[in-house]
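Source file: run-v4.txt; contents: compact mmCIF, C-alpha atoms.
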```txt
# COMPACT_ATOMS: atom_id res chain seq x y z
CA MET A 1 -31.03 15.70 28.20
CA THR A 2 -31.96 13.30 30.99
CA ARG A 3 -34.86 10.90 30.72
CA ASN A 4 -36.73 13.01 33.31
CA THR A 5 -36.37 16.18 31.23
CA ARG A 6 -37.46 14.39 28.05
CA LEU A 7 -40.54 12.91 29.71
CA THR A 8 -41.44 16.24 31.35
CA LEU A 9 -41.27 18.06 28.02
CA ALA A 10 -43.26 15.26 26.37
CA LEU A 11 -45.99 15.55 29.02
CA ILE A 12 -46.19 19.33 28.56
CA ALA A 13 -46.47 18.84 24.79
CA VAL A 14 -49.24 16.25 25.20
CA VAL A 15 -51.24 18.49 27.55
CA VAL A 16 -50.91 21.50 25.22
CA LEU A 17 -51.92 19.46 22.16
CA VAL A 18 -54.90 17.80 23.87
CA LEU A 19 -56.21 21.11 25.21
CA GLY A 20 -55.69 22.90 21.92
CA GLY A 21 -57.53 20.09 20.17
CA LEU A 22 -60.43 20.10 22.60
CA LEU A 23 -60.83 23.87 22.39
CA ALA A 24 -60.72 23.76 18.59
CA VAL A 25 -63.32 20.97 18.42
CA ASN A 26 -65.65 22.52 20.99
CA ARG A 27 -66.06 25.97 19.48
CA PRO A 28 -69.56 27.16 20.33
CA ALA A 29 -71.93 26.42 17.47
CA GLN A 30 -74.01 29.53 18.22
CA PRO A 31 -72.84 32.72 16.49
CA PRO A 32 -71.64 34.88 19.39
CA ALA A 33 -73.77 37.93 18.83
CA ALA A 34 -77.01 38.83 17.10
CA ILE A 35 -76.25 42.46 16.38
CA THR A 36 -78.23 44.77 14.10
CA ASP A 37 -76.67 47.41 11.83
CA THR A 38 -77.14 50.08 14.52
CA GLY A 39 -75.12 48.08 17.04
CA ALA A 40 -78.12 47.06 19.16
CA ILE A 41 -79.02 43.45 19.87
CA GLU A 42 -81.76 41.92 17.69
CA SER A 43 -85.06 42.41 19.52
CA THR A 44 -86.18 38.93 18.41
CA VAL A 45 -83.32 37.45 20.47
CA LEU A 46 -83.95 39.65 23.51
CA VAL A 47 -87.73 39.22 23.65
CA ARG A 48 -89.36 36.00 22.50
CA GLU A 49 -93.08 35.33 22.21
CA ASP A 50 -93.02 33.32 25.44
CA SER A 51 -90.72 35.68 27.41
CA HIS A 52 -92.15 36.83 30.74
CA ARG A 53 -93.31 40.44 30.86
CA LEU A 54 -93.83 42.14 34.22
CA SER A 55 -95.29 45.17 32.47
CA THR A 56 -96.29 45.99 28.91
CA ALA A 57 -95.99 49.44 27.35
CA VAL A 58 -99.14 50.65 25.62
CA ASP A 59 -97.11 52.40 22.93
CA GLY A 60 -94.35 49.76 22.80
CA LYS A 61 -91.77 52.51 22.77
CA VAL A 62 -89.51 51.40 25.63
CA THR A 63 -88.49 47.81 26.28
CA LEU A 64 -86.24 46.95 29.21
CA VAL A 65 -84.92 43.38 29.34
CA GLU A 66 -83.17 41.93 32.36
CA PHE A 67 -81.19 38.70 32.24
CA LEU A 68 -81.15 37.50 35.83
CA ASP A 69 -80.19 34.71 38.16
CA PHE A 70 -82.47 34.33 41.17
CA GLU A 71 -79.52 33.26 43.34
CA CYS A 72 -77.26 36.17 42.35
CA GLU A 73 -76.73 38.69 45.16
CA SER A 74 -76.42 41.63 42.81
CA CYS A 75 -79.69 40.67 41.10
CA ALA A 76 -81.31 40.77 44.54
CA ALA A 77 -79.61 44.13 45.08
CA ALA A 78 -81.11 45.37 41.80
CA TYR A 79 -84.55 43.97 42.63
CA PRO A 80 -85.81 46.95 44.74
CA ALA A 81 -84.69 49.34 41.97
CA VAL A 82 -86.58 47.28 39.39
CA LYS A 83 -89.64 47.21 41.64
CA GLN A 84 -89.46 51.00 41.95
CA VAL A 85 -89.06 51.41 38.19
CA LEU A 86 -92.10 49.21 37.56
CA ALA A 87 -94.19 51.22 40.04
CA THR A 88 -93.06 54.53 38.54
CA TYR A 89 -93.44 53.80 34.84
CA GLN A 90 -96.20 51.18 34.90
CA ASP A 91 -97.57 50.89 31.36
CA ARG A 92 -95.06 53.28 29.84
CA ILE A 93 -92.40 50.57 29.61
CA THR A 94 -92.32 46.88 28.76
CA PHE A 95 -90.22 45.02 31.30
CA VAL A 96 -89.06 41.53 30.32
CA VAL A 97 -87.35 38.98 32.55
CA ARG A 98 -85.06 36.36 31.01
CA TYR A 99 -83.42 33.46 32.87
CA PHE A 100 -79.65 33.36 33.04
CA PRO A 101 -78.71 30.93 35.83
CA ILE A 102 -74.97 30.92 36.52
CA PRO A 103 -73.32 27.53 37.09
CA SER A 104 -71.48 28.61 40.25
CA HIS A 105 -74.83 29.07 42.04
CA PRO A 106 -76.01 25.64 43.16
CA ASN A 107 -79.76 26.38 43.17
CA ALA A 108 -79.95 28.97 40.39
CA ASP A 109 -81.21 26.54 37.76
CA LEU A 110 -83.77 25.00 40.13
CA ALA A 111 -84.97 28.50 41.07
CA ALA A 112 -85.41 29.38 37.40
CA ARG A 113 -87.39 26.17 36.86
CA THR A 114 -89.47 27.04 39.94
CA ALA A 115 -90.33 30.40 38.39
CA GLN A 116 -91.15 28.69 35.10
CA ALA A 117 -93.36 26.08 36.77
CA ALA A 118 -95.25 28.96 38.43
CA ALA A 119 -95.40 30.75 35.07
CA ASN A 120 -97.15 27.69 33.62
CA GLN A 121 -99.95 28.52 36.06
CA GLY A 122 -99.84 32.22 35.20
CA ARG A 123 -98.03 33.21 38.40
CA PHE A 124 -94.53 34.12 37.18
CA SER A 125 -94.40 37.55 38.79
CA ASP A 126 -95.58 36.22 42.16
CA MET A 127 -92.87 33.55 42.20
CA TYR A 128 -90.30 36.10 41.02
CA ILE A 129 -91.19 38.20 44.08
CA GLN A 130 -91.07 35.18 46.43
CA LEU A 131 -87.64 34.11 45.17
CA PHE A 132 -86.06 37.55 45.49
CA GLU A 133 -87.74 38.62 48.74
CA ASN A 134 -86.53 35.41 50.41
CA GLN A 135 -83.22 34.99 48.59
CA THR A 136 -81.02 35.04 51.70
CA SER A 137 -82.89 32.10 53.21
CA TRP A 138 -82.22 29.70 50.32
CA SER A 139 -79.19 30.99 48.39
CA HIS A 140 -75.64 29.61 48.56
CA LYS A 141 -76.61 26.25 49.95
CA GLU A 142 -75.16 23.12 48.45
CA GLN A 143 -78.30 21.07 49.09
CA ALA A 144 -81.15 21.33 46.59
CA GLN A 145 -83.72 23.79 47.97
CA THR A 146 -86.68 21.96 46.45
CA GLU A 147 -88.66 21.88 49.72
CA VAL A 148 -88.27 25.65 50.19
CA PHE A 149 -89.48 26.28 46.64
CA LEU A 150 -92.42 23.90 47.05
CA GLY A 151 -93.29 25.96 50.14
CA TYR A 152 -93.42 29.14 48.03
CA ALA A 153 -95.67 27.37 45.52
CA ARG A 154 -97.96 26.32 48.37
CA THR A 155 -97.98 29.91 49.72
CA LEU A 156 -99.09 31.10 46.30
CA GLY A 157 -101.84 28.49 46.29
CA LEU A 158 -100.62 26.78 43.13
CA ASP A 159 -101.86 23.42 41.92
CA MET A 160 -99.16 21.40 43.68
CA SER A 161 -99.26 18.19 41.68
CA ARG A 162 -99.00 20.14 38.45
CA PHE A 163 -96.26 22.36 39.91
CA GLN A 164 -94.18 19.35 40.95
CA ARG A 165 -94.68 17.67 37.59
CA ASP A 166 -93.63 20.85 35.75
CA LEU A 167 -90.58 21.31 38.00
CA ASP A 168 -89.22 17.92 36.90
CA ASP A 169 -90.41 18.20 33.30
CA PRO A 170 -87.47 18.34 30.82
CA ALA A 171 -89.51 20.92 28.88
CA THR A 172 -89.19 23.31 31.84
CA ALA A 173 -85.41 22.87 31.90
CA ALA A 174 -85.33 23.37 28.13
CA ARG A 175 -87.34 26.60 28.49
CA VAL A 176 -84.76 27.94 30.99
CA ALA A 177 -81.87 26.80 28.79
CA LYS A 178 -83.40 28.57 25.79
CA ASP A 179 -83.31 31.89 27.65
CA LYS A 180 -79.70 31.26 28.56
CA THR A 181 -78.78 30.53 24.94
CA ASP A 182 -80.41 33.80 23.86
CA GLY A 183 -78.45 35.57 26.60
CA ALA A 184 -75.19 34.07 25.36
CA ALA A 185 -76.08 35.15 21.80
CA ALA A 186 -76.72 38.67 23.10
CA GLY A 187 -73.29 38.66 24.73
CA VAL A 188 -74.46 38.30 28.33
CA GLN A 189 -71.52 37.32 30.58
CA GLY A 190 -73.07 37.85 33.98
CA THR A 191 -76.11 39.00 35.90
CA PRO A 192 -77.92 41.26 36.16
CA THR A 193 -77.57 42.41 32.54
CA PHE A 194 -80.04 45.00 31.30
CA PHE A 195 -80.87 45.84 27.71
CA LEU A 196 -82.82 49.01 27.03
CA ASN A 197 -84.30 48.95 23.53
CA GLY A 198 -81.63 46.47 22.53
CA ARG A 199 -78.71 48.39 23.99
CA HIS A 200 -76.65 46.84 26.75
CA LEU A 201 -76.72 49.16 29.78
CA THR A 202 -73.24 49.19 31.27
CA ASP A 203 -71.98 51.01 34.35
CA LEU A 204 -75.30 50.86 36.14
CA ARG A 205 -74.49 52.01 39.66
CA GLY A 206 -77.99 52.08 41.03
CA GLN A 207 -81.60 52.99 40.56
CA ASP A 208 -80.82 56.56 39.47
CA ASP A 209 -78.78 55.35 36.51
CA LEU A 210 -81.56 53.02 35.43
CA VAL A 211 -84.20 55.74 35.73
CA ALA A 212 -82.02 58.24 33.85
CA ALA A 213 -81.50 55.77 31.01
CA ILE A 214 -85.23 55.08 30.73
CA ASP A 215 -86.09 58.79 30.87
CA ALA A 216 -83.60 59.49 28.11
CA VAL A 217 -85.29 56.97 25.82
CA LEU A 218 -88.83 58.09 26.78
CA ALA A 219 -87.90 61.70 25.99
CA LYS A 220 -86.88 60.83 22.41
CA MET B 1 -16.33 -1.65 49.18
CA SER B 2 -16.72 -2.65 45.53
CA ALA B 3 -16.42 -0.18 42.68
CA ALA B 4 -20.15 -0.49 41.97
CA THR B 5 -21.06 0.40 45.55
CA VAL B 6 -18.73 3.40 45.46
CA GLU B 7 -20.34 4.60 42.25
CA HIS B 8 -23.79 4.01 43.71
CA THR B 9 -22.95 5.93 46.89
CA GLU B 10 -21.48 8.78 44.86
CA ARG B 11 -24.56 9.01 42.69
CA ALA B 12 -26.78 8.99 45.76
CA SER B 13 -24.84 11.78 47.40
CA LEU B 14 -24.86 13.80 44.16
CA GLU B 15 -28.63 13.38 44.04
CA GLN B 16 -28.89 14.27 47.71
CA GLY B 17 -26.95 17.46 46.99
CA PHE B 18 -29.21 18.29 44.05
CA LEU B 19 -32.40 17.73 46.05
CA SER B 20 -31.15 19.86 48.95
CA ARG B 21 -30.21 22.70 46.61
CA ALA B 22 -33.50 22.44 44.70
CA ALA B 23 -35.48 22.45 47.95
CA ALA B 24 -33.54 25.52 49.16
CA TRP B 25 -34.12 27.46 45.93
CA ILE B 26 -37.78 26.55 45.73
CA CYS B 27 -38.37 27.49 49.38
CA ALA B 28 -36.68 30.85 48.82
CA VAL B 29 -38.28 31.78 45.50
CA GLY B 30 -41.64 30.04 46.02
CA GLY B 31 -41.82 31.42 49.54
CA VAL B 32 -41.42 35.01 48.29
CA VAL B 33 -44.09 34.49 45.58
CA GLY B 34 -46.47 32.92 48.09
CA LEU B 35 -45.78 35.70 50.58
CA LEU B 36 -46.56 38.40 47.99
CA ALA B 37 -49.78 36.64 46.96
CA ALA B 38 -50.88 36.37 50.60
CA VAL B 39 -50.13 40.06 51.21
CA ILE B 40 -52.17 41.07 48.14
CA LEU B 41 -55.04 38.86 49.29
CA ILE B 42 -55.11 40.37 52.77
CA VAL B 43 -55.06 43.90 51.31
CA GLU B 44 -58.00 42.99 49.06
CA LYS B 45 -59.77 41.51 52.05
CA ILE B 46 -59.33 44.76 54.01
CA ASN B 47 -60.61 46.81 51.06
CA LEU B 48 -63.60 44.51 50.80
CA LEU B 49 -64.36 44.98 54.50
CA ALA B 50 -64.07 48.75 54.12
CA ASP B 51 -66.55 48.78 51.23
CA ALA B 52 -69.20 46.41 52.54
CA GLY B 53 -71.95 47.87 50.37
CA TYR B 54 -70.23 46.89 47.16
CA VAL B 55 -72.01 44.02 45.37
CA PRO B 56 -70.05 42.76 42.37
CA SER B 57 -72.20 41.43 39.55
CA CYS B 58 -72.43 37.67 39.19
CA SER B 59 -70.43 36.42 36.25
CA ILE B 60 -70.07 33.22 34.27
CA ASN B 61 -66.38 34.13 34.22
CA PRO B 62 -65.04 32.18 37.20
CA VAL B 63 -62.11 34.53 37.65
CA LEU B 64 -64.26 37.65 37.99
CA SER B 65 -65.99 36.07 40.96
CA CYS B 66 -62.88 36.61 43.06
CA GLY B 67 -64.81 38.78 45.49
CA SER B 68 -67.25 35.97 46.03
CA VAL B 69 -64.42 33.59 46.97
CA MET B 70 -63.20 35.99 49.66
CA THR B 71 -66.57 36.28 51.36
CA THR B 72 -67.08 32.52 51.76
CA PRO B 73 -66.63 30.67 55.06
CA GLN B 74 -63.83 28.70 53.39
CA ALA B 75 -61.82 31.95 53.21
CA GLU B 76 -61.53 31.82 56.99
CA ALA B 77 -61.12 28.10 57.51
CA PHE B 78 -59.54 28.41 60.96
CA GLY B 79 -61.50 31.45 62.10
CA ILE B 80 -58.91 33.90 60.77
CA PRO B 81 -58.51 34.94 57.12
CA ASN B 82 -56.47 32.30 55.25
CA PRO B 83 -53.95 34.85 53.88
CA LEU B 84 -52.79 35.53 57.44
CA ILE B 85 -51.77 31.87 57.72
CA GLY B 86 -50.09 32.26 54.33
CA ILE B 87 -48.11 35.32 55.42
CA ALA B 88 -46.78 33.54 58.50
CA GLY B 89 -46.10 30.24 56.71
CA PHE B 90 -44.46 31.65 53.59
CA ALA B 91 -42.29 34.01 55.66
CA VAL B 92 -40.87 30.99 57.51
CA VAL B 93 -40.40 28.99 54.30
CA THR B 94 -38.64 31.92 52.63
CA THR B 95 -36.33 32.41 55.60
CA ILE B 96 -35.35 28.74 55.71
CA GLY B 97 -34.73 28.78 51.94
CA VAL B 98 -32.51 31.86 52.14
CA VAL B 99 -30.59 30.53 55.15
CA LEU B 100 -29.92 27.29 53.23
CA LEU B 101 -28.78 29.20 50.15
CA ALA B 102 -26.43 31.20 52.37
CA GLY B 103 -24.69 27.90 53.04
CA ALA B 104 -26.04 27.02 56.49
CA ARG B 105 -26.38 23.35 57.41
CA LEU B 106 -29.56 22.85 59.33
CA PRO B 107 -30.12 20.10 61.89
CA ASP B 108 -32.43 17.22 61.00
CA TRP B 109 -35.18 18.27 63.39
CA LEU B 110 -35.51 21.62 61.60
CA TRP B 111 -35.85 19.91 58.20
CA LEU B 112 -38.45 17.59 59.68
CA GLY B 113 -40.32 20.58 61.10
CA LEU B 114 -40.28 22.15 57.63
CA GLN B 115 -41.54 18.83 56.23
CA ALA B 116 -44.43 18.81 58.71
CA GLY B 117 -45.30 22.43 57.84
CA VAL B 118 -45.26 21.98 54.07
CA THR B 119 -47.27 18.77 54.38
CA LEU B 120 -50.02 20.56 56.31
CA GLY B 121 -49.77 23.38 53.77
CA VAL B 122 -50.20 21.12 50.76
CA VAL B 123 -53.16 19.31 52.35
CA PHE B 124 -54.83 22.63 53.17
CA VAL B 125 -54.20 23.93 49.66
CA HIS B 126 -55.84 20.87 48.10
CA TRP B 127 -58.86 21.26 50.35
CA LEU B 128 -59.05 24.88 49.13
CA ILE B 129 -58.70 23.78 45.49
CA TYR B 130 -61.57 21.33 45.96
CA GLN B 131 -63.72 23.97 47.67
CA SER B 132 -62.92 26.58 45.06
CA LEU B 133 -63.72 24.32 42.11
CA TYR B 134 -66.60 22.20 43.31
CA VAL B 135 -68.27 24.05 46.19
CA ILE B 136 -67.76 27.79 45.59
CA GLY B 137 -67.45 27.43 41.82
CA ALA B 138 -65.13 30.37 41.35
CA LEU B 139 -61.43 31.00 40.88
CA CYS B 140 -59.25 33.63 42.45
CA PRO B 141 -55.93 34.33 40.67
CA TYR B 142 -53.83 35.09 43.75
CA CYS B 143 -55.17 32.00 45.49
CA MET B 144 -54.07 29.99 42.45
CA LEU B 145 -50.61 31.50 42.73
CA VAL B 146 -50.48 30.14 46.29
CA TRP B 147 -51.53 26.69 45.01
CA ALA B 148 -48.86 26.88 42.32
CA VAL B 149 -45.96 27.51 44.75
CA THR B 150 -47.10 25.27 47.59
CA ILE B 151 -47.03 22.14 45.41
CA PRO B 152 -43.35 22.34 44.29
CA ILE B 153 -42.26 23.37 47.79
CA PHE B 154 -43.91 20.20 49.09
CA VAL B 155 -42.56 17.99 46.29
CA TYR B 156 -38.90 19.00 46.64
CA VAL B 157 -38.82 19.17 50.43
CA THR B 158 -40.44 15.73 50.57
CA LEU B 159 -38.12 14.15 47.98
CA ARG B 160 -35.16 15.50 49.94
CA THR B 161 -36.53 14.18 53.25
CA LEU B 162 -37.15 10.74 51.75
CA ARG B 163 -33.63 10.59 50.34
CA GLN B 164 -32.05 11.91 53.56
CA HIS B 165 -33.78 9.27 55.67
CA SER B 166 -33.78 6.49 53.08
CA GLY B 167 -31.96 4.23 55.51
CA ALA B 168 -34.94 4.27 57.85
CA LEU B 169 -37.44 3.35 55.10
CA PRO B 170 -38.57 -0.14 54.09
CA GLY B 171 -37.00 -1.34 50.83
CA SER B 172 -40.03 -0.86 48.60
CA VAL B 173 -40.63 2.70 49.79
CA ARG B 174 -36.93 3.45 49.38
CA ARG B 175 -36.97 2.23 45.77
CA ALA B 176 -40.16 4.21 45.03
CA ALA B 177 -38.57 7.31 46.56
CA ALA B 178 -35.47 6.83 44.42
CA VAL B 179 -37.59 6.60 41.26
CA ALA B 180 -39.58 9.67 42.33
CA ALA B 181 -36.35 11.61 42.91
CA THR B 182 -35.16 10.72 39.40
CA TYR B 183 -38.42 11.92 37.83
CA HIS B 184 -38.91 14.96 40.07
CA SER B 185 -39.98 17.46 37.39
CA LEU B 186 -42.24 14.89 35.70
CA ILE B 187 -44.09 14.44 39.01
CA LEU B 188 -44.49 18.19 39.41
CA THR B 189 -45.68 18.65 35.81
CA GLY B 190 -48.15 15.77 36.12
CA TRP B 191 -49.50 17.23 39.35
CA TYR B 192 -49.98 20.65 37.71
CA ALA B 193 -51.58 19.00 34.67
CA ILE B 194 -54.20 17.23 36.78
CA ILE B 195 -55.22 20.48 38.50
CA LEU B 196 -55.22 22.37 35.19
CA LEU B 197 -57.47 19.74 33.63
CA ALA B 198 -59.82 19.86 36.62
CA ILE B 199 -60.08 23.67 36.29
CA LEU B 200 -60.73 23.44 32.55
CA HIS B 201 -63.26 20.67 32.98
CA ARG B 202 -65.17 22.44 35.77
CA PHE B 203 -65.51 25.76 33.89
CA TRP B 204 -65.53 24.35 30.36
CA GLU B 205 -68.78 26.12 29.54
CA TYR B 206 -67.01 29.45 30.06
CA TRP B 207 -63.63 28.63 28.48
CA ILE B 208 -65.19 27.65 25.15
CA THR B 209 -66.82 31.08 24.87
CA LEU B 210 -63.27 32.47 24.67
CA ALA B 211 -62.10 30.18 21.89
```
Would you write the structure of this file as structure tokens?
Amino acid sequence: MTRNTRLTLALIAVVVLVLGGLLAVNRPAQPPAAITDTGAIESTVLVREDSHRLSTAVDGKVTLVEFLDFECESCAAAYPAVKQVLATYQDRITFVVRYFPIPSHPNADLAARTAQAAANQGRFSDMYIQLFENQTSWSHKEQAQTEVFLGYARTLGLDMSRFQRDLDDPATAARVAKDKTDGAAAGVQGTPTFFLNGRHLTDLRGQDDLVAAIDAVLAK
Amino acid sequence: MSAATVEHTERASLEQGFLSRAAAWICAVGGVVGLLAAVILIVEKINLLADAGYVPSCSINPVLSCGSVMTTPQAEAFGIPNPLIGIAGFAVVTTIGVVLLAGARLPDWLWLGLQAGVTLGVVFVHWLIYQSLYVIGALCPYCMLVWAVTIPIFVYVTLRTLRQHSGALPGSVRRAAAVAATYHSLILTGWYAIILLAILHRFWEYWITLA
């Protein structure tokens, strides 16, 4: 074996060992899923006391939870369907929004904090609408879109000094991160992810699928 | 000519032969792999254009965001889809590799042209790696296959060029090139390792969910 071959093999061995070690040490501390006996996700993980509700069911029979990223195109694509569902069912379903900003979207975390800062002034749903209705004008830009988001806050007539303070407050970031941790525990891998009464809705192709799933649960 | 010089010259010409053969094989095999990857990418691109209404969900899995890589401006860096450049470039590289393996001796200017081409290719690929990791934040498997073949093609063609023209180089560069030629596979492995570590580091949050 030449010196080159020996050194090459040694380098490969070092890389494999270091990576194996790092992966072993960095196992996520969180248990991966909070699943009940029936196979549904624990409702305490999906809906927390402080989770944002866009509608609340009188009978509490149907709860739809969406993990979303304000910068995700397919969340924006799902937004009109959600709006339609909310208008149709009104107080027959509870609709809960959870933050799940995805790292590949440069302004997703800031957008979530923007929504949370608005929520602190009781205006979550208005900011949620602003962010989705205008998504194309601020998404997929490398620069921080703080000015754009401050503009939305101004449009909504929020208390600007409080809004700006909340936007930078570590507590706001922690509130967003908490949603994301719950999402990871519920097995969320991407957005939008919907849970209907604790069950992950897969293969949603459009509004009809969402409506059919809700109707099926309401009919029970 | 002393015995030592004869031995030295012999060793140099042996090494020269090895580097030429290695460059030929890597151009032929790597070229075919790169060509296939580019063809698959252009087919995917056409399918994507045909189905414009399709919105893939956004995922923390960087590999599943392949569709999002293809729709970025970086996917058409020179105004035409990158895979078209790949198809043309890898077809030429493959042809040169096969011609060399068939025993042809190519003139210097053609080798230098190949050197210029693979140098541009490797620079472009590293710009794409940077964009993919740090700007787009997503990975695309067939793009990574292109990265993986472009680097060894560049390494071996360049080591051969440096050895071939060592007489024209200043002494220090010549000695460095000789050391590099001796440790050719170590250089390639180290290069791969750096990119692998960058990929792992950038998407660490996702990789640990798999462990």
(request) For CA of Pro107 in chain B and CA of Pro170 in chain B, quote the distance in Å rounded to one decimal. (result)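 These atoms are spaced 23.3 Å apart.
Closest to Pro80 in chain A among A:Ala118, A:Ile129, A:Ala186, A:Leu17 is A:Ile129, based on all atoms listed in the file.
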(message) As an exercise, work out the distance from CA of Leu84 in chain B to CA of Ile42 in chain B in Å and give it to one decimal place.
(response)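 Computing the Euclidean distance for CA of Leu84 in chain B and CA of Ile42 in chain B yields 7.1 Å.
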(message) Using only C-alpha atoms, I'd like every residue of chain A that has an atom within 6 Å of chain B; please write them out as a list in words.
(response) Asn4, Thr8, Arg27, Cys72, Ser74, Ile102, Ser104, Gln189, Gly190 and Thr191 of chain A
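The gap separating CA of Leu106 in chain B from CA of Gly30 in chain B is 19.4 Å, in Å to one decimal.
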(request) Could you tell me which of B:Ala24, B:Val173, B:Leu120, B:Met70 comes closest to Tyr156 in chain B if we count all atoms listed in the file? (result)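 Checking each of B:Ala24, B:Val173, B:Leu120, B:Met70 against Tyr156 in chain B, counting all atoms listed in the file, the winner is B:Ala24.
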(request) In the coordinate frame of the file, compute which residues have an atom within 12 Å of (-87.6, 48.4, 42.1) when using all atoms listed in the file, and state them as a PyMOL selection string. (result) chain A and resi 54+75-90+95+129+132-133+206-208+210-211
(request) Just the residues within 8 Å of range 55-71 of chain A, please, counting all atoms listed in the file, with nothing from its chain fewer than 3 positions along; format it as number ranges by chain. (result) A: 46-47, 75-76, 86, 90-102, 105, 107-108, 111-112, 131-132, 135, 139-140, 183, 188, 191-198, 214, 217-218
(request) Fewer than 2 positions away in the same chain doesn't count, so skip those; otherwise give me all residues within 8 Å of Met127 in chain A, counting all atoms listed in the file, as a list in words. (result) Thr114, Ala115, Ala118, Arg123, Phe124, Ser125, Ile129, Gln130, Leu131, Tyr152, Ala153 and Leu156 of chain A
What's the 9 Å shell around Trp111 in chain B, counting all atoms listed in the file, without same-chain residues fewer than 5 positions away, as a short mmCIF file (atom, residue, chain, number, x, y, z; two decimals) with C-alpha atoms, keeping the file's coordinate frame?
```cif
data_model
loop_
_atom_site.label_atom_id
_atom_site.label_comp_id
_atom_site.auth_asym_id
_atom_site.auth_seq_id
_atom_site.Cartn_x
_atom_site.Cartn_y
_atom_site.Cartn_z
CA LEU B 106 -29.56 22.85 59.33
CA ALA B 116 -44.43 18.81 58.71
CA VAL B 157 -38.82 19.17 50.43
CA THR B 161 -36.53 14.18 53.25
#
```
(message) Using all atoms listed in the file for the distances, tell me which of B:Ala168, B:Val69, B:Ala180, B:Ile153 is nearest to Cys27 in chain B.
(response) B:Ile153
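Each of B:Ala50, B:Met144, B:Ala38, B:Val118 was compared to Tyr130 in chain B using all atoms listed in the file, and B:Met144 turns out to be the nearest.
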